[in-house]
>>> print(open('final_9.txt').read())   # compact mmCIF, C-alpha atoms and all ligand atoms
# COMPACT_ATOMS: atom_id res chain seq x y z
CA MET A 1 2.84 3.85 33.17
CA SER A 2 3.36 3.50 29.41
CA LYS A 3 3.78 5.55 26.29
CA VAL A 4 1.06 5.66 23.62
CA LEU A 5 1.34 6.55 19.94
CA ILE A 6 -1.88 7.95 18.42
CA ILE A 7 -1.99 7.98 14.60
CA GLY A 8 -4.48 10.42 13.00
CA ALA A 9 -5.22 13.96 14.17
CA GLY A 10 -8.78 14.42 12.91
CA GLY A 11 -11.98 14.75 14.93
CA VAL A 12 -11.44 11.42 16.71
CA GLY A 13 -7.66 11.83 17.17
CA ASN A 14 -8.32 15.12 19.00
CA VAL A 15 -10.56 13.35 21.55
CA VAL A 16 -8.19 10.39 21.99
CA ALA A 17 -5.30 12.80 22.66
CA HIS A 18 -7.32 14.76 25.26
CA LYS A 19 -8.43 11.57 27.00
CA CYS A 20 -4.99 9.89 27.02
CA VAL A 21 -3.52 13.01 28.60
CA GLN A 22 -6.34 12.94 31.19
CA ALA A 23 -5.61 9.27 32.03
CA ALA A 24 -2.15 10.05 33.38
CA GLU A 25 -2.12 6.98 35.65
CA THR A 26 -1.85 4.77 32.51
CA PHE A 27 -0.37 6.91 29.74
CA SER A 28 2.90 8.52 30.84
CA GLU A 29 3.65 10.12 27.45
CA VAL A 30 1.51 10.66 24.36
CA LEU A 31 2.77 11.14 20.79
CA LEU A 32 0.18 12.36 18.25
CA ALA A 33 1.38 11.64 14.71
CA THR A 34 -0.43 12.42 11.49
CA ARG A 35 0.02 13.23 7.81
CA THR A 36 -0.46 17.00 8.20
CA ARG A 37 1.56 17.88 11.28
CA ALA A 38 -0.06 21.32 11.68
CA LYS A 39 -3.30 19.55 12.67
CA ALA A 40 -1.56 17.62 15.45
CA ASP A 41 0.21 20.81 16.56
CA SER A 42 -3.04 22.73 16.85
CA ILE A 43 -4.54 19.94 19.02
CA ALA A 44 -1.37 19.92 21.15
CA ALA A 45 -1.54 23.71 21.56
CA GLN A 46 -5.09 23.38 22.85
CA ILE A 47 -4.26 20.55 25.30
CA ASN A 48 -1.01 22.24 26.35
CA SER A 49 0.57 19.38 28.30
CA PRO A 50 4.30 18.62 28.54
CA ARG A 51 3.35 14.91 28.24
CA LEU A 52 1.98 15.40 24.68
CA THR A 53 4.24 15.79 21.63
CA THR A 54 3.56 15.58 17.88
CA ALA A 55 5.15 14.16 14.74
CA ARG A 56 4.51 13.99 11.01
CA LEU A 57 3.83 10.48 9.71
CA ASP A 58 2.56 8.91 6.51
CA ALA A 59 1.15 5.70 7.97
CA ASP A 60 0.78 4.13 4.51
CA ASN A 61 4.55 3.82 4.67
CA VAL A 62 5.35 0.87 6.98
CA ALA A 63 9.07 1.73 7.24
CA GLU A 64 8.23 5.28 8.40
CA THR A 65 5.85 3.98 11.08
CA VAL A 66 8.39 1.36 12.20
CA ALA A 67 11.06 4.09 12.56
CA LEU A 68 8.72 6.31 14.59
CA ILE A 69 7.74 3.40 16.87
CA ARG A 70 11.41 2.48 17.38
CA SER A 71 12.36 6.02 18.33
CA PHE A 72 9.37 6.74 20.64
CA GLN A 73 8.94 3.17 22.00
CA PRO A 74 5.20 3.18 22.77
CA ALA A 75 3.52 0.20 24.45
CA ILE A 76 0.48 0.53 22.15
CA VAL A 77 -0.51 2.25 18.90
CA ILE A 78 -4.03 3.71 18.66
CA ASN A 79 -4.95 3.97 14.99
CA VAL A 80 -7.53 6.71 14.38
CA ALA A 81 -6.34 7.57 10.88
CA LEU A 82 -8.47 6.01 8.13
CA PRO A 83 -9.39 2.36 7.57
CA TYR A 84 -7.05 2.35 4.53
CA GLN A 85 -4.07 2.48 6.93
CA ASP A 86 -5.11 -0.46 9.15
CA LEU A 87 -3.00 -3.18 7.55
CA ALA A 88 0.11 -1.02 7.14
CA ILE A 89 -0.05 -0.01 10.82
CA MET A 90 -0.64 -3.63 11.88
CA ASP A 91 2.46 -4.60 9.87
CA ALA A 92 4.49 -1.95 11.69
CA CYS A 93 3.20 -3.21 15.08
CA LEU A 94 4.16 -6.77 14.16
CA GLU A 95 7.64 -5.69 13.15
CA THR A 96 8.22 -3.78 16.39
CA GLY A 97 6.25 -6.00 18.81
CA VAL A 98 3.82 -3.29 19.93
CA HIS A 99 0.08 -3.66 20.72
CA TYR A 100 -2.47 -2.25 18.22
CA LEU A 101 -6.01 -0.82 18.50
CA ASP A 102 -8.36 0.72 15.93
CA THR A 103 -11.97 1.89 15.52
CA ALA A 104 -12.83 0.88 11.95
CA ASN A 105 -12.06 -2.22 9.91
CA TYR A 106 -9.82 -2.29 6.85
CA GLU A 107 -11.17 -1.11 3.51
CA PRO A 108 -9.19 -1.28 0.29
CA PRO A 109 -9.12 2.27 -1.15
CA HIS A 110 -10.34 1.17 -4.58
CA LEU A 111 -13.19 -1.07 -3.41
CA ALA A 112 -16.02 0.16 -1.14
CA LYS A 113 -16.09 -3.04 0.87
CA PHE A 114 -15.41 -3.44 4.55
CA GLU A 115 -15.05 -6.79 6.26
CA TYR A 116 -12.85 -8.30 8.95
CA SER A 117 -11.23 -11.04 6.82
CA TRP A 118 -8.08 -9.03 6.07
CA GLN A 119 -7.44 -8.19 9.73
CA TRP A 120 -8.53 -11.56 11.17
CA ALA A 121 -5.89 -13.10 8.89
CA TYR A 122 -3.24 -11.47 11.15
CA HIS A 123 -4.33 -13.50 14.21
CA ASP A 124 -1.60 -16.16 14.16
CA ARG A 125 1.17 -13.65 13.50
CA PHE A 126 0.05 -11.41 16.42
CA LYS A 127 -0.24 -14.51 18.61
CA GLU A 128 3.26 -15.71 17.76
CA ARG A 129 4.63 -12.22 18.44
CA GLY A 130 2.85 -12.18 21.84
CA ILE A 131 1.00 -8.93 21.11
CA ILE A 132 -2.66 -8.00 20.97
CA ALA A 133 -4.70 -6.24 18.26
CA VAL A 134 -8.03 -4.83 19.44
CA LEU A 135 -10.31 -4.25 16.46
CA GLY A 136 -13.22 -1.82 16.29
CA CYS A 137 -12.99 -0.07 19.67
CA GLY A 138 -15.01 3.11 19.01
CA PHE A 139 -18.73 3.35 19.83
CA ASP A 140 -20.17 1.43 16.90
CA PRO A 141 -18.24 -0.74 16.35
CA GLY A 142 -16.94 -0.80 19.89
CA VAL A 143 -19.21 -0.05 22.83
CA THR A 144 -22.13 -1.72 21.01
CA GLY A 145 -20.16 -5.02 21.04
CA ILE A 146 -19.20 -4.51 24.70
CA PHE A 147 -22.87 -3.75 25.56
CA THR A 148 -23.83 -7.04 23.86
CA ALA A 149 -21.12 -8.97 25.74
CA HIS A 150 -22.36 -7.41 29.00
CA ALA A 151 -25.96 -8.41 28.17
CA LEU A 152 -24.88 -12.00 27.51
CA LYS A 153 -22.76 -12.18 30.67
CA HIS A 154 -25.25 -10.61 33.08
CA HIS A 155 -28.77 -10.80 31.61
CA PHE A 156 -29.24 -13.73 29.22
CA ASP A 157 -28.59 -17.42 28.75
CA GLU A 158 -29.19 -16.96 25.02
CA ILE A 159 -29.45 -13.79 22.95
CA HIS A 160 -31.77 -14.32 19.97
CA TYR A 161 -32.53 -10.89 18.50
CA LEU A 162 -30.18 -7.90 18.44
CA ASP A 163 -31.01 -4.47 17.02
CA ILE A 164 -28.31 -1.81 17.30
CA ILE A 165 -29.90 1.63 17.08
CA ASP A 166 -27.87 4.76 16.38
CA CYS A 167 -29.42 8.22 16.43
CA ASN A 168 -27.79 11.59 15.92
CA ALA A 169 -30.47 14.12 16.83
CA GLY A 170 -27.97 16.95 16.81
CA SER A 171 -27.89 19.92 14.49
CA HIS A 172 -24.64 21.53 13.29
CA GLY A 173 -26.26 24.28 11.24
CA GLN A 174 -24.61 23.22 7.93
CA ALA A 175 -26.72 22.30 4.88
CA PHE A 176 -24.72 19.07 4.44
CA ALA A 177 -21.77 17.66 6.37
CA THR A 178 -20.70 14.25 7.66
CA ASN A 179 -19.84 13.64 11.30
CA PHE A 180 -16.75 11.60 10.59
CA ASN A 181 -14.44 11.37 7.61
CA PRO A 182 -16.74 12.20 4.64
CA GLU A 183 -15.12 9.71 2.28
CA ILE A 184 -15.46 6.76 4.69
CA ASN A 185 -18.94 7.85 5.81
CA ILE A 186 -20.38 8.19 2.30
CA ARG A 187 -18.83 4.90 1.16
CA GLU A 188 -20.56 3.20 4.11
CA ILE A 189 -23.99 4.71 3.57
CA THR A 190 -24.21 4.27 -0.18
CA GLN A 191 -23.52 0.52 0.04
CA LYS A 192 -26.26 -2.10 0.02
CA GLY A 193 -27.86 -2.80 3.40
CA ARG A 194 -27.38 -6.22 4.95
CA TYR A 195 -28.64 -8.04 8.03
CA TYR A 196 -28.34 -11.50 9.50
CA GLU A 197 -31.33 -13.82 9.90
CA ASN A 198 -31.52 -17.55 10.61
CA GLY A 199 -28.01 -18.33 9.46
CA SER A 200 -27.93 -16.17 6.29
CA TRP A 201 -27.12 -12.62 5.31
CA ILE A 202 -29.98 -10.77 3.62
CA GLU A 203 -29.07 -7.94 1.27
CA THR A 204 -31.27 -4.86 0.77
CA GLU A 205 -31.09 -1.87 -1.55
CA PRO A 206 -29.28 1.13 0.06
CA LEU A 207 -31.51 2.97 2.59
CA SER A 208 -34.61 1.09 1.34
CA ILE A 209 -35.84 -0.17 4.74
CA HIS A 210 -36.68 2.33 7.46
CA ARG A 211 -38.76 2.46 10.65
CA ASP A 212 -39.70 5.02 13.25
CA VAL A 213 -37.67 4.26 16.36
CA THR A 214 -38.17 6.12 19.66
CA TYR A 215 -34.85 7.10 21.26
CA PRO A 216 -34.51 7.99 24.96
CA HIS A 217 -34.73 11.74 25.72
CA ILE A 218 -35.04 12.39 21.95
CA GLY A 219 -38.30 10.84 20.70
CA PRO A 220 -39.19 9.13 17.42
CA ARG A 221 -36.78 9.36 14.49
CA ASP A 222 -36.79 7.76 11.04
CA SER A 223 -34.11 5.02 11.22
CA TYR A 224 -32.59 3.21 8.21
CA LEU A 225 -31.31 -0.34 8.04
CA LEU A 226 -27.59 -0.41 7.13
CA PHE A 227 -24.85 -3.00 7.15
CA HIS A 228 -22.41 -2.07 9.91
CA GLU A 229 -19.16 -3.86 10.58
CA GLU A 230 -19.87 -5.07 14.14
CA LEU A 231 -22.69 -7.25 12.80
CA GLU A 232 -20.07 -9.49 11.15
CA SER A 233 -18.06 -10.06 14.33
CA LEU A 234 -21.07 -10.27 16.68
CA VAL A 235 -22.68 -12.98 14.54
CA LYS A 236 -19.41 -14.92 14.84
CA HIS A 237 -18.86 -14.41 18.57
CA ILE A 238 -22.35 -14.32 20.13
CA PRO A 239 -23.87 -17.82 20.04
CA HIS A 240 -27.60 -18.50 19.39
CA LEU A 241 -28.24 -15.24 17.49
CA LYS A 242 -31.24 -15.61 15.19
CA ARG A 243 -31.23 -12.07 13.86
CA ALA A 244 -28.87 -9.09 14.03
CA ARG A 245 -29.56 -5.69 12.47
CA PHE A 246 -28.21 -2.14 12.57
CA TRP A 247 -30.30 1.05 12.27
CA MET A 248 -29.15 4.64 11.86
CA THR A 249 -31.10 7.91 11.67
CA PHE A 250 -30.77 10.31 8.75
CA SER A 251 -32.72 13.53 8.17
CA GLN A 252 -34.61 13.98 4.90
CA GLN A 253 -32.28 16.90 4.15
CA TYR A 254 -29.22 14.64 4.46
CA ILE A 255 -30.75 11.94 2.26
CA THR A 256 -31.80 14.45 -0.41
CA HIS A 257 -28.25 15.88 -0.59
CA LEU A 258 -26.78 12.38 -0.73
CA ARG A 259 -29.11 11.30 -3.57
CA VAL A 260 -28.24 14.39 -5.61
CA LEU A 261 -24.51 13.83 -5.05
CA GLU A 262 -24.89 10.18 -6.09
CA ASN A 263 -27.00 11.06 -9.14
CA VAL A 264 -24.45 13.55 -10.44
CA GLY A 265 -21.55 11.13 -9.90
CA MET A 266 -19.86 12.92 -7.00
CA THR A 267 -19.78 9.77 -4.79
CA ARG A 268 -17.86 7.72 -7.38
CA ILE A 269 -14.61 6.17 -6.12
CA ASP A 270 -13.13 5.39 -9.55
CA PRO A 271 -10.84 8.07 -11.00
CA VAL A 272 -12.04 10.44 -13.73
CA VAL A 273 -9.76 12.56 -15.89
CA TYR A 274 -10.19 16.30 -15.28
CA GLU A 275 -8.00 18.75 -17.20
CA GLY A 276 -5.48 16.00 -17.91
CA LYS A 277 -5.26 14.85 -14.26
CA GLU A 278 -6.95 11.89 -12.60
CA ILE A 279 -9.19 12.76 -9.67
CA VAL A 280 -11.53 10.61 -7.57
CA PRO A 281 -14.88 12.46 -7.31
CA LEU A 282 -15.53 11.34 -3.70
CA GLN A 283 -12.06 12.52 -2.64
CA PHE A 284 -12.70 15.88 -4.31
CA LEU A 285 -16.08 16.08 -2.51
CA LYS A 286 -14.29 15.45 0.81
CA ALA A 287 -12.01 18.38 0.07
CA VAL A 288 -14.96 20.80 -0.25
CA LEU A 289 -17.10 19.50 2.65
CA PRO A 290 -16.58 20.74 6.23
CA GLU A 291 -13.99 18.79 8.25
CA PRO A 292 -15.73 16.68 10.95
CA SER A 293 -13.48 18.31 13.54
CA SER A 294 -14.81 21.76 12.57
CA LEU A 295 -18.48 20.96 13.28
CA GLY A 296 -18.34 21.09 17.07
CA GLU A 297 -18.67 24.78 17.84
CA ASN A 298 -22.34 25.28 16.99
CA TYR A 299 -23.52 21.70 17.38
CA GLU A 300 -26.62 21.28 19.56
CA GLY A 301 -28.62 18.23 20.62
CA GLN A 302 -27.75 14.66 21.51
CA THR A 303 -26.69 11.32 20.12
CA SER A 304 -28.22 8.10 21.42
CA ILE A 305 -26.69 4.71 20.60
CA GLY A 306 -27.68 1.41 22.12
CA CYS A 307 -28.55 -2.26 21.78
CA GLN A 308 -32.08 -3.63 21.96
CA ILE A 309 -31.98 -7.33 22.78
CA ARG A 310 -34.49 -10.12 23.13
CA GLY A 311 -33.60 -13.59 24.37
CA ILE A 312 -33.97 -16.19 27.09
CA LYS A 313 -33.03 -16.12 30.78
CA ASP A 314 -33.87 -19.07 33.06
CA GLY A 315 -36.24 -20.45 30.43
CA LYS A 316 -38.24 -17.20 30.14
CA GLU A 317 -38.32 -14.61 27.37
CA LYS A 318 -36.62 -11.37 28.38
CA THR A 319 -36.06 -7.95 26.76
CA TYR A 320 -33.16 -5.63 27.48
CA PHE A 321 -32.06 -2.20 26.27
CA ILE A 322 -28.67 -0.65 27.04
CA TYR A 323 -27.65 2.77 25.72
CA ASN A 324 -25.69 5.99 26.06
CA ASN A 325 -26.87 9.50 25.25
CA CYS A 326 -24.20 12.11 24.57
CA ASP A 327 -24.63 15.88 24.22
CA HIS A 328 -22.72 17.67 21.44
CA ALA A 329 -22.39 20.98 23.30
CA VAL A 330 -21.16 19.32 26.51
CA CYS A 331 -18.45 17.48 24.48
CA TYR A 332 -17.45 20.72 22.81
CA ARG A 333 -17.07 22.47 26.15
CA GLU A 334 -14.84 19.66 27.42
CA VAL A 335 -12.59 18.80 24.44
CA LYS A 336 -13.66 21.05 21.51
CA ALA A 337 -15.24 18.13 19.63
CA GLN A 338 -18.74 17.05 18.58
CA ALA A 339 -20.35 13.96 20.07
CA ILE A 340 -19.57 11.57 17.18
CA SER A 341 -15.85 12.17 17.59
CA TYR A 342 -16.24 12.05 21.39
CA THR A 343 -18.19 8.78 21.50
CA THR A 344 -15.50 7.21 19.26
CA GLY A 345 -12.43 8.68 20.95
CA VAL A 346 -13.32 7.86 24.57
CA PRO A 347 -13.71 4.08 23.94
CA ALA A 348 -10.50 4.04 21.86
CA MET A 349 -8.54 5.52 24.78
CA LEU A 350 -10.30 3.21 27.26
CA GLY A 351 -9.66 0.06 25.19
CA ALA A 352 -5.94 0.94 25.10
CA LYS A 353 -6.07 1.56 28.86
CA MET A 354 -7.65 -1.91 29.36
CA VAL A 355 -4.72 -3.52 27.51
CA LEU A 356 -2.02 -1.52 29.30
CA ASP A 357 -3.66 -1.97 32.73
CA GLY A 358 -3.68 -5.75 32.12
CA LYS A 359 -7.49 -6.00 32.19
CA TRP A 360 -7.77 -7.17 28.58
CA THR A 361 -5.13 -9.81 27.96
CA GLY A 362 -4.18 -12.39 25.34
CA ALA A 363 -2.15 -12.53 22.17
CA GLY A 364 -3.70 -12.34 18.72
CA VAL A 365 -6.39 -10.32 16.94
CA TYR A 366 -9.64 -9.76 18.86
CA ASN A 367 -12.93 -7.95 18.52
CA VAL A 368 -14.06 -6.12 21.63
CA GLU A 369 -16.95 -8.47 22.51
CA GLN A 370 -14.35 -11.22 23.10
CA PHE A 371 -13.00 -9.40 26.19
CA ASN A 372 -14.43 -9.11 29.70
CA PRO A 373 -16.90 -6.19 29.45
CA ASP A 374 -16.93 -5.48 33.23
CA PRO A 375 -13.73 -3.42 33.72
CA PHE A 376 -14.44 -1.39 30.57
CA LEU A 377 -18.04 -0.55 31.51
CA ALA A 378 -16.97 0.21 35.09
CA GLU A 379 -14.78 3.07 33.77
CA LEU A 380 -16.74 4.27 30.73
CA GLY A 381 -19.06 6.64 32.66
CA GLY A 382 -16.16 8.25 34.50
CA TYR A 383 -14.56 9.19 31.18
CA GLY A 384 -17.74 10.91 29.95
CA LEU A 385 -20.01 8.20 28.53
CA PRO A 386 -22.46 7.01 31.22
CA TRP A 387 -24.71 4.12 30.19
CA HIS A 388 -28.21 3.08 31.21
CA GLU A 389 -30.26 -0.09 31.01
CA GLU A 390 -33.93 -1.05 30.92
CA VAL A 391 -34.95 -4.62 31.70
CA ASN A 392 -38.17 -6.13 30.30
CA GLY A 393 -39.36 -2.82 28.78
CA ALA A 394 -40.98 -2.49 25.35
CA LEU A 395 -38.54 -2.63 22.41
CA ALA A 396 -38.82 -0.83 19.07
CA PHE A 397 -38.96 -4.09 17.11
CA GLU A 398 -40.80 -7.42 17.36
N1 LIG B 401 -16.20 3.01 15.57
C1 LIG B 401 -16.77 4.18 15.56
O1 LIG B 401 -17.70 4.42 16.35
C2 LIG B 401 -16.31 5.26 14.63
C3 LIG B 401 -17.08 6.43 14.51
C4 LIG B 401 -16.58 7.48 13.75
C5 LIG B 401 -15.35 7.35 13.10
N2 LIG B 401 -14.65 6.19 13.20
C6 LIG B 401 -13.36 6.04 12.51
O2 LIG B 401 -12.42 6.93 13.11
C7 LIG B 401 -11.40 7.25 12.17
C8 LIG B 401 -11.10 8.73 12.20
O3 LIG B 401 -12.28 9.47 11.90
P1 LIG B 401 -12.27 11.09 11.92
O4 LIG B 401 -13.66 11.55 11.92
O5 LIG B 401 -11.32 11.55 12.98
O6 LIG B 401 -11.63 11.38 10.48
P2 LIG B 401 -10.83 12.69 10.00
O7 LIG B 401 -11.29 13.87 10.79
O8 LIG B 401 -10.89 12.69 8.54
O9 LIG B 401 -9.31 12.38 10.48
C9 LIG B 401 -8.51 11.39 9.89
C10 LIG B 401 -7.07 11.73 10.24
O10 LIG B 401 -6.22 10.68 9.73
C11 LIG B 401 -5.12 11.30 9.06
N3 LIG B 401 -4.58 10.45 8.01
C12 LIG B 401 -5.17 10.06 6.85
N4 LIG B 401 -4.32 9.33 6.11
C13 LIG B 401 -3.18 9.22 6.83
C14 LIG B 401 -1.92 8.61 6.61
N5 LIG B 401 -1.67 7.93 5.50
N6 LIG B 401 -0.98 8.73 7.56
C15 LIG B 401 -1.20 9.42 8.69
N7 LIG B 401 -2.36 10.05 8.96
C16 LIG B 401 -3.33 9.95 8.04
C17 LIG B 401 -5.72 12.55 8.45
O11 LIG B 401 -4.70 13.42 8.10
P3 LIG B 401 -4.93 14.62 7.02
O12 LIG B 401 -5.75 15.59 7.76
O13 LIG B 401 -3.58 15.08 6.67
O14 LIG B 401 -5.69 14.01 5.87
C18 LIG B 401 -6.60 13.03 9.61
O15 LIG B 401 -5.83 13.73 10.56
C19 LIG B 401 -11.92 6.74 10.81
O16 LIG B 401 -11.28 5.52 10.51
C20 LIG B 401 -13.39 6.48 11.06
O17 LIG B 401 -13.89 5.44 10.23
C21 LIG B 401 -15.09 5.15 13.97
>>> encode(input="final_9.txt", output="structure tokens", more="lines below")
Ligand SMILES: NC(=O)c1ccc[n+]([C@@H]2O[C@H](COP(=O)([O-])OP(=O)(O)OC[C@H]3O[C@@H](n4cnc5c(N)ncnc54)[C@H](OP(=O)(O)O)[C@@H]3O)[C@@H](O)[C@H]2O)c1
Amino acid sequence: MSKVLIIGAGGVGNVVAHKCVQAAETFSEVLLATRTRAKADSIAAQINSPRLTTARLDADNVAETVALIRSFQPAIVINVALPYQDLAIMDACLETGVHYLDTANYEPPHLAKFEYSWQWAYHDRFKERGIIAVLGCGFDPGVTGIFTAHALKHHFDEIHYLDIIDCNAGSHGQAFATNFNPEINIREITQKGRYYENGSWIETEPLSIHRDVTYPHIGPRDSYLLFHEELESLVKHIPHLKRARFWMTFSQQYITHLRVLENVGMTRIDPVVYEGKEIVPLQFLKAVLPEPSSLGENYEGQTSIGCQIRGIKDGKEKTYFIYNNCDHAVCYREVKAQAISYTTGVPAMLGAKMVLDGKWTGAGVYNVEQFNPDPFLAELGGYGLPWHEEVNGALAFE
């Protein structure tokens, strides 16, 4: 039984808090800390458990986080604030000797670039301190890496081709909204695409490559090739990969809005002077878009995220598909969140549970595919994300 500190009380933080309170056998006390305390308080009022308390915290300030950790004494910190806070929170964990977990890799605020180098550079310091940092433990990155590790352990001798496919076939009734933090989401989508093939990274213009992909229980959807952070770690940790790609669905309505916003300069991340004050257009846009946590109430339809894999088992070619479908309305009934927040928050709680239950061990900085996938996948369905597999079926890609 251990205490957990959750940092960030947005759409994902809400789900992590609900799930940590549910998993009472591991998490004895839960502290939800965030920049705007009223948001944590409203989540706590909804959950209404004596084991959940709240605090105000600016996690950019390492000394403040260190002081909060020292007073609450958690065994692990779950970081579901923004990627900008990753390094500051890792510094605070190093100073206090507390385990760390996040769902998105570090991005410098002034450069729309995400890669693991900054966080991997902490490996030796975490190792010396005898603590563990689990990177990217949401759904994608997160479960997609664990699905791939499971495929390698139980279905293949060599994985050659990996396509991660991510569909949101839900409808929230808004003309334009993003399902997680708008600033982070738009920075990700407006970047160049990138995929790995035969030892090199191939760059593509943003959203320039798309295919119809048929998703289980949903049907065909236009899916766009993007760079996604788990590609970088999977290429490093899964041997024999010849190609690794990531695909995500977007509606025409979403893409049209995004193009207009880009064309008029609203997705810029460099400051502009407005009435004598510097503002960042993308940050202003975030302020006028719906909060991801507010989208749940009228959301209908499902998400479907999975890994399509081709490789070799016992000298023969084999195909394999592993996926989860998640229903927005069912999530809302359970924890007042839409499925994107839910599919991120459940794995974050479960990854922390793996560390505290002693099922994921070690000291240093790790991506999720480096751990044993079995105990995680054994519990994932019970916490609301059942998974399914198809062996030697047809895949969407050659
Ligand atoms: N791996 C995956 O599958 C996956 C999927 C979706 C999202 N994510 C990641 O999950 C994270 C949370 O997403 P979300 O949709 O919950 O975003 P969100 O709704 O915008 O919530 C972010 C929360 O972090 C808080 N925060 C921001 N800066 C902070 C600081 N300096 N100190 C303390 N708290 C701070 C915000 O507080 P304020 O409200 O006061 O600003 C807000 O409560 C993001 O990093 C996102 O990239 C991962």
>>> residues_near_point(input="final_9.txt", point="(-11.8, 0.6, -8.0)", cutoff="6 Å", atoms="only C-alpha atoms", output="PDB file with C-alpha atoms, keeping the file's coordinate frame")
ATOM      1  CA  HIS A 110     -10.340   1.170  -4.580  1.00  0.00           C
ATOM      2  CA  LEU A 111     -13.190  -1.070  -3.410  1.00  0.00           C
ATOM      3  CA  ASP A 270     -13.130   5.390  -9.550  1.00  0.00           C
TER       4      ASP A 270
END
>>> atom_distance(input="final_9.txt", atom1="CA of Asp91 in chain A", atom2="CA of Asp60 in chain A")
10.4 Å
>>> residues_near_ligand(input="final_9.txt", ligand="ligand LIG 401 (chain B)", cutoff="7 Å", atoms="all atoms listed in the file", output="number ranges by chain")
A: 7-13, 33-36, 39, 57-60, 80-83, 85, 103-104, 136-142, 179-181, 184, 291-293, 340-341, 343-344
>>> write_last_selection(input="final_9.txt", atoms="C-alpha atoms", output="PDB file, in the coordinates of the input")
ATOM      1  CA  ILE A   7      -1.990   7.980  14.600  1.00  0.00           C
ATOM      2  CA  GLY A   8      -4.480  10.420  13.000  1.00  0.00           C
ATOM      3  CA  ALA A   9      -5.220  13.960  14.170  1.00  0.00           C
ATOM      4  CA  GLY A  10      -8.780  14.420  12.910  1.00  0.00           C
ATOM      5  CA  GLY A  11     -11.980  14.750  14.930  1.00  0.00           C
ATOM      6  CA  VAL A  12     -11.440  11.420  16.710  1.00  0.00           C
ATOM      7  CA  GLY A  13      -7.660  11.830  17.170  1.00  0.00           C
ATOM      8  CA  ALA A  33       1.380  11.640  14.710  1.00  0.00           C
ATOM      9  CA  THR A  34      -0.430  12.420  11.490  1.00  0.00           C
ATOM     10  CA  ARG A  35       0.020  13.230   7.810  1.00  0.00           C
ATOM     11  CA  THR A  36      -0.460  17.000   8.200  1.00  0.00           C
ATOM     12  CA  LYS A  39      -3.300  19.550  12.670  1.00  0.00           C
ATOM     13  CA  LEU A  57       3.830  10.480   9.710  1.00  0.00           C
ATOM     14  CA  ASP A  58       2.560   8.910   6.510  1.00  0.00           C
ATOM     15  CA  ALA A  59       1.150   5.700   7.970  1.00  0.00           C
ATOM     16  CA  ASP A  60       0.780   4.130   4.510  1.00  0.00           C
ATOM     17  CA  VAL A  80      -7.530   6.710  14.380  1.00  0.00           C
ATOM     18  CA  ALA A  81      -6.340   7.570  10.880  1.00  0.00           C
ATOM     19  CA  LEU A  82      -8.470   6.010   8.130  1.00  0.00           C
ATOM     20  CA  PRO A  83      -9.390   2.360   7.570  1.00  0.00           C
ATOM     21  CA  GLN A  85      -4.070   2.480   6.930  1.00  0.00           C
ATOM     22  CA  THR A 103     -11.970   1.890  15.520  1.00  0.00           C
ATOM     23  CA  ALA A 104     -12.830   0.880  11.950  1.00  0.00           C
ATOM     24  CA  GLY A 136     -13.220  -1.820  16.290  1.00  0.00           C
ATOM     25  CA  CYS A 137     -12.990  -0.070  19.670  1.00  0.00           C
ATOM     26  CA  GLY A 138     -15.010   3.110  19.010  1.00  0.00           C
ATOM     27  CA  PHE A 139     -18.730   3.350  19.830  1.00  0.00           C
ATOM     28  CA  ASP A 140     -20.170   1.430  16.900  1.00  0.00           C
ATOM     29  CA  PRO A 141     -18.240  -0.740  16.350  1.00  0.00           C
ATOM     30  CA  GLY A 142     -16.940  -0.800  19.890  1.00  0.00           C
ATOM     31  CA  ASN A 179     -19.840  13.640  11.300  1.00  0.00           C
ATOM     32  CA  PHE A 180     -16.750  11.600  10.590  1.00  0.00           C
ATOM     33  CA  ASN A 181     -14.440  11.370   7.610  1.00  0.00           C
ATOM     34  CA  ILE A 184     -15.460   6.760   4.690  1.00  0.00           C
ATOM     35  CA  GLU A 291     -13.990  18.790   8.250  1.00  0.00           C
ATOM     36  CA  PRO A 292     -15.730  16.680  10.950  1.00  0.00           C
ATOM     37  CA  SER A 293     -13.480  18.310  13.540  1.00  0.00           C
ATOM     38  CA  ILE A 340     -19.570  11.570  17.180  1.00  0.00           C
ATOM     39  CA  SER A 341     -15.850  12.170  17.590  1.00  0.00           C
ATOM     40  CA  THR A 343     -18.190   8.780  21.500  1.00  0.00           C
ATOM     41  CA  THR A 344     -15.500   7.210  19.260  1.00  0.00           C
TER      42      THR A 344
END
>>> atom_distance(input="final_9.txt", atom1="CA of Gly170 in chain A", atom2="CA of Leu395 in chain A")
22.9 Å
>>> closest_residue(input="final_9.txt", among="A:Val288, A:Ala396, A:Leu258, A:Ala337", to="Ala17 in chain A", atoms="all atoms listed in the file")
A:Ala337
>>> atom_distance(input="final_9.txt", atom1="CA of Thr26 in chain A", atom2="CA of Asp86 in chain A")
24.2 Å
>>> residues_near_point(input="final_9.txt", point="(-13.7, -2.7, 11.0)", cutoff="9 Å", atoms="all atoms listed in the file", output="list of chain:residue names")
A:Pro83, A:Asp102, A:Thr103, A:Ala104, A:Asn105, A:Tyr106, A:Glu107, A:Phe114, A:Glu115, A:Tyr116, A:Gln119, A:Leu135, A:Gly136, A:Pro141, A:His228, A:Glu229, A:Glu230
>>> axis_aligned_box(input="final_9.txt", around="range 79-82 of chain A", padding_each_side="8 Å", output="AutoDock Vina command-line options")
--center_x -6.7 --center_y 5.8 --center_z 11.6 --size_x 19.5 --size_y 19.6 --size_z 22.9
